[in-house]
Each structure stands twice: as structure tokens, then as C-alpha cells.
file final18.txt (compact mmCIF, C-alpha atoms)
# COMPACT_ATOMS: atom_id res chain seq x y z
CA MET Y 1270 0.00 0.00 0.00
CA ALA Y 1271 1.34 3.41 -0.91
CA GLN Y 1272 2.70 5.51 1.91
CA ASN Y 1273 1.71 8.90 0.57
CA PHE Y 1274 -1.77 8.99 2.07
CA MET Y 1275 -0.74 7.25 5.29
CA ALA Y 1276 1.40 10.16 6.43
CA TYR Y 1277 1.16 10.89 10.12
CA PRO Y 1278 3.20 13.22 12.28
CA ASP Y 1279 6.44 11.78 13.53
CA LEU Y 1280 5.46 11.43 17.16
CA ARG Y 1281 7.28 8.26 17.99
CA HIS Y 1282 8.60 9.58 21.27
CA PRO Y 1283 6.30 12.42 22.20
CA PHE Y 1284 6.07 11.90 25.92
CA ALA Y 1285 8.61 13.06 28.48
CA GLU Y 1286 9.25 10.76 31.41
CA THR Y 1287 7.07 11.81 34.32
CA PRO Y 1288 6.56 10.24 37.75
CA ILE Y 1289 3.70 7.75 37.87
CA HIS Y 1290 2.71 8.32 41.47
CA ALA Y 1291 4.25 9.06 44.85
CA ASP Y 1292 6.41 6.33 46.37
CA GLY Y 1293 4.28 3.74 48.11
CA SER Y 1294 1.16 4.60 46.11
CA THR Y 1295 -0.65 2.36 43.64
CA SER Y 1296 -2.30 3.40 40.37
CA VAL Y 1297 -5.46 1.61 39.25
CA LEU Y 1298 -6.66 1.85 35.62
CA TYR Y 1299 -10.36 1.10 35.64
CA GLN Y 1300 -13.10 1.94 33.10
CA GLY Y 1301 -10.96 4.55 31.40
CA ASN Y 1302 -10.02 6.33 34.63
CA THR Y 1303 -6.79 6.36 36.59
CA ILE Y 1304 -7.19 6.26 40.35
CA VAL Y 1305 -4.18 6.72 42.61
CA LEU Y 1306 -4.42 4.98 45.98
CA GLU Y 1307 -2.13 6.23 48.70
CA GLU Y 1308 -2.89 3.27 50.89
CA THR Y 1309 -3.10 -0.42 50.00
CA GLY Y 1310 -2.90 -3.46 52.23
CA PRO Y 1311 -0.04 -5.95 52.55
CA GLY Y 1312 0.26 -9.31 50.81
CA ASP Y 1313 -1.19 -10.77 47.62
CA GLY Y 1314 -4.10 -9.29 45.72
CA LEU Y 1315 -4.96 -5.60 45.62
CA LEU Y 1316 -6.19 -4.69 49.08
CA ILE Y 1317 -7.93 -1.34 49.02
CA ARG Y 1318 -9.80 0.54 51.72
CA PRO Y 1319 -13.52 -0.26 51.30
CA GLU Y 1320 -14.30 3.47 51.15
CA ASP Y 1321 -12.14 3.74 48.00
CA LEU Y 1322 -14.33 1.27 46.06
CA PRO Y 1323 -16.97 3.74 44.75
CA ARG Y 1324 -14.40 6.09 43.20
CA ILE Y 1325 -12.76 3.16 41.42
CA ASN Y 1326 -15.74 1.41 39.87
CA GLY Y 1327 -18.97 2.92 41.22
CA PHE Y 1328 -19.77 -0.13 43.36
CA GLU Y 1329 -20.95 0.49 46.90
CA LEU Y 1330 -20.78 -1.88 49.82
CA LYS Y 1331 -24.17 -2.83 51.25
CA PRO Y 1332 -25.24 -5.60 53.63
CA GLU Y 1333 -26.13 -7.77 50.59
CA GLY Y 1334 -22.75 -7.27 48.92
CA ALA Y 1335 -21.06 -4.95 46.43
CA CYS Y 1336 -23.79 -3.17 44.47
CA TYR Y 1337 -23.91 -1.20 41.23
CA ALA Y 1338 -27.26 -0.10 39.74
CA ASP Y 1339 -29.56 -3.14 40.08
CA MET Y 1340 -26.67 -5.61 40.40
CA CYS Y 1341 -25.46 -6.86 43.80
CA ILE Y 1342 -22.56 -9.28 44.13
CA PRO Y 1343 -22.53 -11.27 47.42
CA LEU Y 1344 -19.07 -11.22 48.97
CA GLY Y 1345 -17.14 -13.76 51.03
CA ASP Y 1346 -14.07 -13.47 53.18
CA ASP Y 1347 -11.86 -13.85 50.13
CA VAL Y 1348 -12.88 -10.31 49.10
CA LEU Y 1349 -13.67 -8.68 52.46
CA ILE Y 1350 -10.52 -9.12 54.48
CA GLU Y 1351 -9.68 -8.27 58.05
CA LYS Y 1352 -6.00 -7.82 58.63
CA GLU Y 1353 -3.75 -5.87 60.86
CA GLY Y 1354 -4.67 -2.28 60.13
CA GLY Y 1355 -8.38 -2.90 59.75
CA ASN Y 1356 -10.75 -3.81 56.94
CA TRP Y 1357 -9.72 -4.26 53.32
CA PHE Y 1358 -11.46 -5.03 50.04
CA ASP Y 1359 -9.48 -7.23 47.64
CA LEU Y 1360 -10.13 -5.71 44.22
CA ALA Y 1361 -8.25 -8.54 42.49
CA ALA Y 1362 -10.34 -11.22 44.22
CA PHE Y 1363 -13.47 -9.24 43.34
CA ALA Y 1364 -12.35 -9.17 39.69
CA ASP Y 1365 -11.84 -12.95 39.80
CA LEU Y 1366 -15.36 -13.30 41.18
CA LEU Y 1367 -16.71 -11.23 38.26
CA GLY Y 1368 -14.58 -13.01 35.66
CA GLN Y 1369 -12.91 -9.67 34.96
CA PRO Y 1370 -9.36 -9.99 33.59
CA TYR Y 1371 -6.59 -7.69 34.75
CA VAL Y 1372 -2.89 -7.12 34.23
CA VAL Y 1373 -0.53 -5.84 36.91
CA ASP Y 1374 2.97 -4.41 36.84
CA THR Y 1375 4.22 -5.31 40.30
CA ASP Y 1376 7.48 -3.36 39.92
CA LEU Y 1377 5.74 -0.04 39.38
CA ASN Y 1378 2.49 -0.83 41.22
CA VAL Y 1379 0.06 -0.25 38.37
CA TRP Y 1380 -3.05 -2.41 37.96
CA SER Y 1381 -5.12 -2.37 34.78
CA PHE Y 1382 -8.59 -3.89 34.76
CA ALA Y 1383 -10.64 -4.94 31.73
CA GLU Y 1384 -14.33 -4.10 31.52
CA ILE Y 1385 -16.68 -5.94 33.88
CA PRO Y 1386 -18.13 -8.75 31.72
CA ALA Y 1387 -21.60 -8.60 33.34
CA LYS Y 1388 -21.98 -5.03 32.12
CA ARG Y 1389 -21.61 -6.27 28.55
CA ASP Y 1390 -23.83 -9.35 28.71
CA SER Y 1391 -26.83 -7.64 27.17
CA MET Y 1392 -24.87 -6.81 24.01
CA MET Y 1393 -24.09 -10.46 23.32
CA VAL Y 1394 -27.59 -11.63 24.28
CA ASP Y 1395 -29.99 -9.11 22.75
CA ALA Y 1396 -27.80 -6.63 20.85
CA MET Y 1397 -28.17 -3.80 23.39
CA ALA Y 1398 -25.35 -1.28 22.98
CA PRO Y 1399 -22.80 -1.53 25.79
CA ASP Y 1400 -22.41 1.22 28.32
CA PHE Y 1401 -19.23 3.23 27.88
CA GLU Y 1402 -17.78 6.43 29.18
CA VAL Y 1403 -15.33 8.57 27.20
CA GLU Y 1404 -14.59 12.29 27.05
CA ASP Y 1405 -15.27 14.26 23.90
CA ARG Y 1406 -12.72 16.82 22.72
CA SER Y 1407 -14.29 19.55 24.84
CA GLY Y 1408 -13.85 17.43 27.95
CA LYS Y 1409 -17.52 16.51 28.28
CA VAL Y 1410 -18.18 12.95 29.41
CA ILE Y 1411 -20.06 10.97 26.75
CA ARG Y 1412 -22.07 7.88 27.67
CA MET Y 1413 -24.11 5.56 25.49
CA ALA Y 1414 -27.21 6.48 27.51
CA ASP Y 1415 -26.86 10.14 26.41
CA PHE Y 1416 -28.11 9.15 22.96
CA LYS Y 1417 -31.30 7.45 24.06
CA GLY Y 1418 -34.17 8.65 21.85
CA LYS Y 1419 -31.83 9.29 18.91
CA LYS Y 1420 -30.31 7.19 16.19
CA ALA Y 1421 -26.56 7.10 16.71
CA LEU Y 1422 -23.79 6.20 14.28
CA ILE Y 1423 -20.57 5.46 16.13
CA VAL Y 1424 -17.64 5.26 13.74
CA THR Y 1425 -13.95 4.78 14.47
CA TRP Y 1426 -10.95 6.02 12.51
CA SER Y 1427 -7.30 6.67 13.21
CA SER Y 1428 -4.48 8.93 12.10
CA TRP Y 1429 -2.09 5.99 11.69
CA MET H 675 -9.62 10.88 5.00
CA ASP H 676 -13.14 10.01 6.09
CA VAL H 677 -13.44 12.63 8.80
CA PRO H 678 -14.61 15.43 6.43
CA VAL H 679 -16.86 13.07 4.49
CA TRP H 680 -18.66 12.05 7.67
CA GLN H 681 -19.22 15.76 8.29
CA ARG H 682 -20.82 16.14 4.85
CA LEU H 683 -23.06 13.17 5.55
CA TYR H 684 -23.98 14.62 8.94
CA GLU H 685 -24.93 17.94 7.33
CA GLU H 686 -26.90 16.25 4.56
CA ILE H 687 -28.89 14.21 7.05
CA ASN H 688 -29.41 17.29 9.25
CA ASP H 689 -31.75 15.62 11.70
CA PRO H 690 -31.69 16.61 15.40
CA ASP H 691 -32.57 13.03 16.29
CA PHE H 692 -29.47 11.67 14.56
CA ALA H 693 -26.12 11.69 16.35
CA LEU H 694 -22.79 10.96 14.71
CA ILE H 695 -20.02 10.07 17.12
CA CYS H 696 -16.67 10.03 15.36
CA VAL H 697 -13.95 8.35 17.40
CA ALA H 698 -10.21 8.54 16.76
CA GLU H 699 -8.47 5.43 18.10
CA ASP H 700 -5.16 7.20 18.72
CA THR H 701 -2.77 6.89 21.63
CA GLY H 702 -1.04 10.00 20.27
CA GLY H 703 -4.09 11.96 21.40
CA GLU H 704 -4.91 15.52 20.46
CA ALA H 705 -1.48 16.08 18.88
CA VAL H 706 -2.08 13.56 16.10
CA ALA H 707 -5.87 13.40 15.74
CA GLY H 708 -6.82 16.95 16.69
CA PRO H 709 -5.60 18.72 13.53
CA ILE H 710 -7.36 16.16 11.31
CA PHE H 711 -10.64 16.78 13.12
CA ASP H 712 -10.15 20.56 13.02
CA ALA H 713 -9.54 20.57 9.27
CA ALA H 714 -13.02 19.10 8.76
CA ASN H 715 -14.81 21.76 10.90
CA PRO H 716 -16.95 19.02 12.38
CA THR H 717 -20.20 19.62 14.23
CA TYR H 718 -20.68 15.97 15.19
CA VAL H 719 -19.43 14.52 18.46
CA GLN H 720 -15.65 14.14 18.34
CA VAL H 721 -13.78 11.75 20.61
CA ILE H 722 -10.06 11.06 20.76
CA ASP H 723 -10.02 7.67 22.40
CA THR H 724 -6.43 7.16 23.50
CA ASP H 725 -7.24 3.89 25.29
CA HIS H 726 -9.32 2.43 22.41
CA ILE H 727 -12.25 2.14 24.82
CA ILE H 728 -14.87 2.27 22.06
CA SER H 729 -13.24 -0.54 20.06
CA SER H 730 -13.08 -2.57 23.24
CA ALA H 731 -16.74 -1.88 24.09
CA PHE H 732 -18.02 -2.97 20.66
CA ASN H 733 -15.41 -5.72 20.10
CA PHE H 734 -13.92 -3.93 17.09
CA VAL H 735 -10.49 -5.02 15.90
CA ASN H 736 -9.85 -2.61 13.04
CA VAL H 737 -10.56 0.91 11.84
CA PRO H 738 -12.78 2.13 10.39
CA SER H 739 -15.54 0.18 12.12
CA ALA H 740 -19.00 1.30 13.12
CA ALA H 741 -22.20 0.52 14.96
CA TRP H 742 -25.70 1.80 14.29
CA ILE H 743 -27.73 2.20 17.48
CA ASP H 744 -31.45 2.88 17.43
CA GLU H 745 -33.51 5.11 19.71
CA ASP H 746 -33.91 2.33 22.29
CA GLY H 747 -30.18 1.66 22.52
CA ARG H 748 -30.32 -1.46 20.38
CA ILE H 749 -27.54 -2.15 17.87
CA VAL H 750 -29.02 -2.63 14.37
CA ARG H 751 -25.77 -2.94 12.37
CA ILE H 752 -22.22 -3.54 13.56
CA ASP H 753 -18.62 -4.25 12.69
CA GLU H 754 -17.99 -3.86 9.00
CA GLY H 755 -15.31 -1.97 7.10
CA THR H 756 -16.95 1.39 7.33
CA TYR H 757 -15.71 3.81 4.72
CA SER H 758 -17.72 6.93 4.04
CA LYS H 759 -16.91 6.89 0.33
CA LEU H 760 -14.73 5.39 -2.36
CA HIS H 761 -11.22 6.80 -2.06
CA GLU H 762 -9.02 6.83 -5.15
CA PHE H 763 -5.35 7.74 -5.34
CA GLY H 764 -2.81 7.89 -8.14
CA GLU H 765 -3.16 7.10 -11.81
CA GLY H 766 -2.46 4.21 -14.20
CA ASP H 767 -0.41 1.37 -12.69
CA GLU H 768 -0.01 3.39 -9.51
CA ALA H 769 -3.74 3.76 -9.00
CA ILE H 770 -5.19 2.41 -5.80
CA SER H 771 -8.63 2.68 -4.38
CA PHE H 772 -10.38 1.57 -1.26
CA GLY H 773 -13.63 2.25 0.51
CA THR H 774 -17.16 2.10 -0.79
CA ASP H 775 -19.81 4.47 -2.05
CA VAL H 776 -22.72 2.39 -0.74
CA TYR H 777 -22.34 2.88 3.01
CA SER H 778 -23.31 6.55 3.34
CA PRO H 779 -26.57 6.15 1.37
CA ALA H 780 -27.41 3.19 3.61
CA VAL H 781 -26.97 5.39 6.70
CA LYS H 782 -29.29 7.99 5.17
CA ASP H 783 -31.86 5.34 4.39
CA TRP H 784 -31.78 4.13 7.99
CA VAL H 785 -32.12 7.60 9.47
CA ALA H 786 -35.09 8.31 7.17
CA LYS H 787 -36.92 4.99 7.53
CA GLY H 788 -35.82 3.65 10.90
CA ALA H 789 -36.78 0.02 11.49
CA ASP H 790 -38.32 -0.10 8.01
CA SER H 791 -34.92 0.42 6.37
CA GLU H 792 -33.75 -2.67 4.52
CA HIS H 793 -30.34 -2.16 6.13
CA VAL H 794 -31.57 -2.69 9.68
CA LYS H 795 -30.75 -6.13 11.02
CA THR H 796 -32.62 -8.22 13.58
CA ALA H 797 -31.19 -8.62 17.08
CA SER H 798 -30.23 -12.22 16.34
CA ASP H 799 -28.44 -11.24 13.12
CA VAL H 800 -26.63 -8.47 14.97
CA THR H 801 -25.50 -10.70 17.82
CA ALA H 802 -24.20 -13.12 15.19
CA ASP H 803 -22.22 -10.23 13.65
CA ILE H 804 -20.67 -9.14 16.97
CA ARG H 805 -17.20 -10.52 17.33
CA GLN H 806 -16.57 -12.80 20.28
CA HIS H 807 -14.41 -11.23 22.93
CA THR H 808 -12.74 -14.00 24.89
CA ALA H 809 -11.25 -13.61 28.36
CA ASP H 810 -7.81 -13.39 26.75
CA GLN H 811 -8.99 -10.65 24.42
CA GLN H 812 -10.45 -8.73 27.36
CA LYS H 813 -7.14 -9.16 29.16
CA ALA H 814 -5.49 -7.78 26.01
CA ASP H 815 -7.52 -4.58 26.44
CA ALA H 816 -6.22 -4.25 30.01
CA ALA H 817 -2.64 -4.87 28.81
CA PHE H 818 -3.00 -2.30 26.03
CA ARG H 819 -4.20 0.34 28.49
CA LEU H 820 -1.36 -0.46 30.86
CA GLY H 821 1.14 -0.02 28.01
CA ASN H 822 -0.54 3.21 27.00
CA PHE H 823 -0.37 4.48 30.59
CA PHE H 824 3.36 3.81 30.70
CA ARG H 825 3.86 5.44 27.30
CA ALA H 826 2.07 8.58 28.49
CA HIS H 827 4.56 8.65 31.37
CA GLY H 828 7.51 8.34 29.01
CA LYS H 829 8.29 4.76 30.01
CA SER H 830 8.87 3.27 26.56
CA ASP H 831 10.25 -0.11 27.64
CA GLU H 832 7.28 -0.90 29.85
CA ALA H 833 4.90 0.45 27.18
CA GLU H 834 6.38 -1.84 24.55
CA ARG H 835 6.21 -4.85 26.89
CA TYR H 836 2.49 -4.49 27.56
CA TRP H 837 1.59 -3.53 24.00
CA GLN H 838 3.33 -6.71 22.86
CA LEU H 839 1.39 -8.67 25.49
CA ALA H 840 -1.84 -7.16 24.15
CA GLN H 841 -0.97 -8.34 20.63
CA GLN H 842 -0.18 -11.86 21.87
CA LEU H 843 -3.46 -12.04 23.78
CA ASN H 844 -5.53 -10.66 20.89
CA PRO H 845 -3.80 -11.42 17.60
CA ASP H 846 -6.99 -10.46 15.73
CA SER H 847 -6.59 -6.82 16.70
CA VAL H 848 -5.25 -4.91 13.73
CA ASN H 849 -5.67 -1.82 15.89
CA PHE H 850 -3.12 -3.01 18.47
CA ILE H 851 -0.58 -4.04 15.85
CA ARG H 852 -0.79 -0.87 13.80
CA GLN H 853 -0.98 1.47 16.77
CA ASN H 854 2.25 -0.09 18.03
CA LEU H 855 3.85 0.21 14.58
CA THR H 856 3.42 3.97 14.74
CA LEU H 857 6.33 3.88 17.17
CA SER H 858 8.58 2.09 14.70
CA GLU H 859 10.75 3.58 11.99
CA GLU H 860 8.68 1.99 9.23
CA GLY H 861 5.37 3.30 10.54
CA SER H 862 1.92 1.72 10.49
CA ALA H 863 1.79 1.02 6.74
CA GLY H 864 5.29 -0.34 6.20
CA GLU H 865 6.71 -3.82 5.56
CA THR H 866 5.37 -5.36 8.78
CA PHE H 867 1.89 -4.16 7.98
CA ARG H 868 2.07 -5.43 4.40
CA THR H 869 3.30 -8.83 5.61
CA MET H 870 0.44 -8.98 8.06
CA MET H 871 -2.07 -8.11 5.34
CA ALA H 872 -0.65 -10.84 3.10
CA LYS H 873 -0.90 -13.37 5.96
CA TYR H 874 -4.53 -12.37 6.59
CA VAL H 875 -5.38 -12.95 2.93
CA SER H 876 -3.46 -16.25 2.70
CA GLU H 877 -5.35 -17.57 5.73
CA GLY H 878 -8.63 -16.74 4.02
CA ARG H 879 -9.48 -14.15 6.63
CA ASP H 880 -11.11 -10.85 5.88
CA TYR H 881 -9.20 -7.76 6.82
CA TYR H 882 -12.65 -6.28 7.29
CA ARG H 883 -15.90 -8.16 7.58
CA PRO H 884 -17.45 -7.85 4.10
CA LEU H 885 -19.98 -5.08 3.76
CA ASP H 886 -23.24 -6.80 2.84
CA ILE H 887 -24.91 -3.76 1.35
CA ASP H 888 -25.82 -3.96 -2.33
call {"tool": "encode", "arguments": {"input": "final18.txt", "output": "C-alpha cells"}}
result
Amino acid sequence: MAQNFMAYPDLRHPFAETPIHADGSTSVLYQGNTIVLEETGPGDGLLIRPEDLPRINGFELKPEGACYADMCIPLGDDVLIEKEGGNWFDLAAFADLLGQPYVVDTDLNVWSFAEIPAKRDSMMVDAMAPDFEVEDRSGKVIRMADFKGKKALIVTWSSW
Amino acid sequence: MDVPVWQRLYEEINDPDFALICVAEDTGGEAVAGPIFDAANPTYVQVIDTDHIISSAFNFVNVPSAAWIDEDGRIVRIDEGTYSKLHEFGEGDEAISFGTDVYSPAVKDWVAKGADSEHVKTASDVTADIRQHTADQQKADAAFRLGNFFRAHGKSDEAERYWQLAQQLNPDSVNFIRQNLTLSEEGSAGETFRTMMAKYVSEGRDYYRPLDID
């Protein structure tokens, strides 16, 4: 294929090296957001403070479990953990419970989580468009639900 | 290339109940995709999706790809090579063309007729058209975002490691391969890309799902 129309700016190394987070912190990439946690628990898994859960994924802890919209996931002691220092929520164990894949860089303490599969079930079953959340170029958050009542054409392209 | 043509289509349709969301799958962000958008003076919704979240949500593996979503949030067409028009370059032996001139009229037909458009598919046909997204492919999305995060922090070695992992976990993703190639000397349309295209064809796979619009 000819190169002439595939020209793109030479931006192979456009980003200067910047600190990821303060020493001892952990970054969590979740649903397009980056959340920096100053405090995580010791040992395996990703032990977060239960009060940090809503700002990571919108789930809230209730007596019946971790809840989001009309979905509640019952939790066992593999997710809700009592250790020295108090109560923790194991976000990695919760992901395993949901069948949600993740990748972690243990050297730099960055965890990246895939979408929650249950949120996408209705697309595979009855062709309902999946929920998503992205920012438009003006910084406004765009969600699938914003286009209810309209016909929407979503089309991808790239500069490369 | 298609960005200004989508704008023309959007203006021609000119219906307040029709939204066009044009999404650049570009880790380079505003610096690479912004000027291309600006040159088209678009009035549709513009997104520069550095983490390829939209492709991940709709199980797309290539650009351009699209989904049509009706007023109730139901997908009525999805995942086909979505060019806004036929593009032609060069002359004689050098001439190349790609794209199609049938897609844009089909969009207009759908916006005008809704469910009565011949281009609207049933839910069962649409779910059959949606690509499967295995656990490994979902993990690939997480790996890609991790690589992208490191790249944005100037950590090229880590970025490369996780972008490679993403390609291993989801070898179907042309997006991941070509986005990564933008970092290489040869670029996204060089020898590696041409070899990949040839392999796709030799395996009998479609680089894009065929567009079944007459």
C-alpha cells in the first residue's frame, strides 16, 4: 500500500518521562479512569480501603454485597478481608469473582482492569449497545445512555 | 480521510434526532488526531479515544468500524469496514482505491426509515455479527491500556512490553498491531503491515468483515 496517504506526524517519542505516582502509592486503571491509591494493604491481591471502592468502579458496599445499579454481588471473606490495620477489600479477588481480567505491573504498582463482563452481557444476548464512558474533545463525558431517543452512528478512525 | 466526508453526511442528514459520534483510536491523542478533526470543521461529536475504549466496548479489531444504534439503545448494524466513500489515489499502474460508495446512502436510508430500512438487522443477526471477545482478548484490552499508561509517562520499555502482550493475547486486533507500529521507523503502513495483510489474505481471513450492502 502506498505511503503517501498514510502520512502521520512523527510522534514516535512524544512523551517526556514523568513520575507515575508518589512512592508507596498504587495506580489503578479502571473503566478509562486512573485512580491513585495512597494506601493499600499488605500481601497478595490488591487490598484497598472499602471506602475507595466507589471512586474506582462505582460499586458500593451494602449488607447484601457490592452493588452497582440493580446488580449486587454477594461477597465472602476472600474479598472482604480483616488484617492488621483494619478492613480491606481485595479488588483482584473481586475481579476474579466477576470473571474480569486484569494485568498488573508489580514493579511499578500499576493495575489495569478490563471491563466488567456482566456489564456487557446484554450486548451479546440481545444486541443492546454496551455502556461506555469517554470524554469528547471539549472534555464533556459521553455515555451511550446520552443518545437514548436518537439514532446514533458510532464510527472509528485513526491517524495511523 | 473520512473525517470530512462524515461531516458532509452529517450535514446532509441534518436531523436533530441523529447523532454521529466520530472516534479517533489514537494513543497520540490531540497532537495527532486533533488537527485532522479541526480541518473538517466538524459539528458531530468528536472523541479522541487514547485507550481504544470504544473498540473494546463494541469488540472492534480494526478501523474504520461502526455501529448503528437505534432510539432504544439497540444495535441494528455492527462491525464492517466502514468507509464513508470510495477513495481513489494515483493514476495508471499506480492507482489504488479503497472504501465504498454504498455505506453513506445506507446510513441515510436508515435515518429516514428507521426500522423499516432494509439495512436494519434483527437482534439475532446483529448478535451473530458481533465478534466474540474472549477472556484473553479482554485481558489484552487491560494490557494495552497499561502499556498506554506507561507510554504517556515516558516509560517506553514498559509500554512496549504491555503492548506486545496485548498483541499476543488478541492477535486479531489490527488496531493493536498498527498502533504499536506507529512507534517504529517503518510506521503503520510499512513492511510489517504489508506482511500482516498478506498473511490475513493467505489464511482466508477478511481484513474487514465484508460489507453486505448492495
call {"tool": "interface_residues", "arguments": {"input": "final18.txt", "of": "chain H", "to": "chain Y", "cutoff": "7 Å", "atoms": "all atoms listed in the file", "output": "MDAnalysis selection string"}}
result
chainID H and resid 691:700 706:707 719:722 731 737:749 785 797 800:801 809 812:813 815:817 819:820 825:829 853 856:857 862:863
call {"tool": "residues_near_point", "arguments": {"input": "final18.txt", "point": "(-4.2, -4.9, 42.4)", "cutoff": "6 Å", "atoms": "only C-alpha atoms", "output": "CSV table (one decimal) with C-alpha atoms, keeping the file's coordinate frame"}}
result
chain,number,residue,atom,x,y,z
Y,1314,GLY,CA,-4.1,-9.3,45.7
Y,1315,LEU,CA,-5.0,-5.6,45.6
Y,1361,ALA,CA,-8.2,-8.5,42.5
Y,1380,TRP,CA,-3.0,-2.4,38.0
call {"tool": "atom_distance", "arguments": {"input": "final18.txt", "atom1": "CA of Trp784 (chain H)", "atom2": "CA of Arg879 (chain H)"}}
result
28.9 Å
call {"tool": "residues_around", "arguments": {"input": "final18.txt", "residues": "Lys1352 (chain Y)", "least_positions_apart": "6", "cutoff": "12 Å", "atoms": "only C-alpha atoms", "output": "JSON, numbers by chain"}}
result
{"Y": [1309, 1310, 1311, 1312, 1316, 1317, 1318, 1346, 1358, 1359]}
call {"tool": "closest_residue", "arguments": {"input": "final18.txt", "among": "H:Asn822, H:Asn733, H:Ser771, H:Gln842", "to": "Glu754 (chain H)", "atoms": "only C-alpha atoms"}}
result
H:Asn733
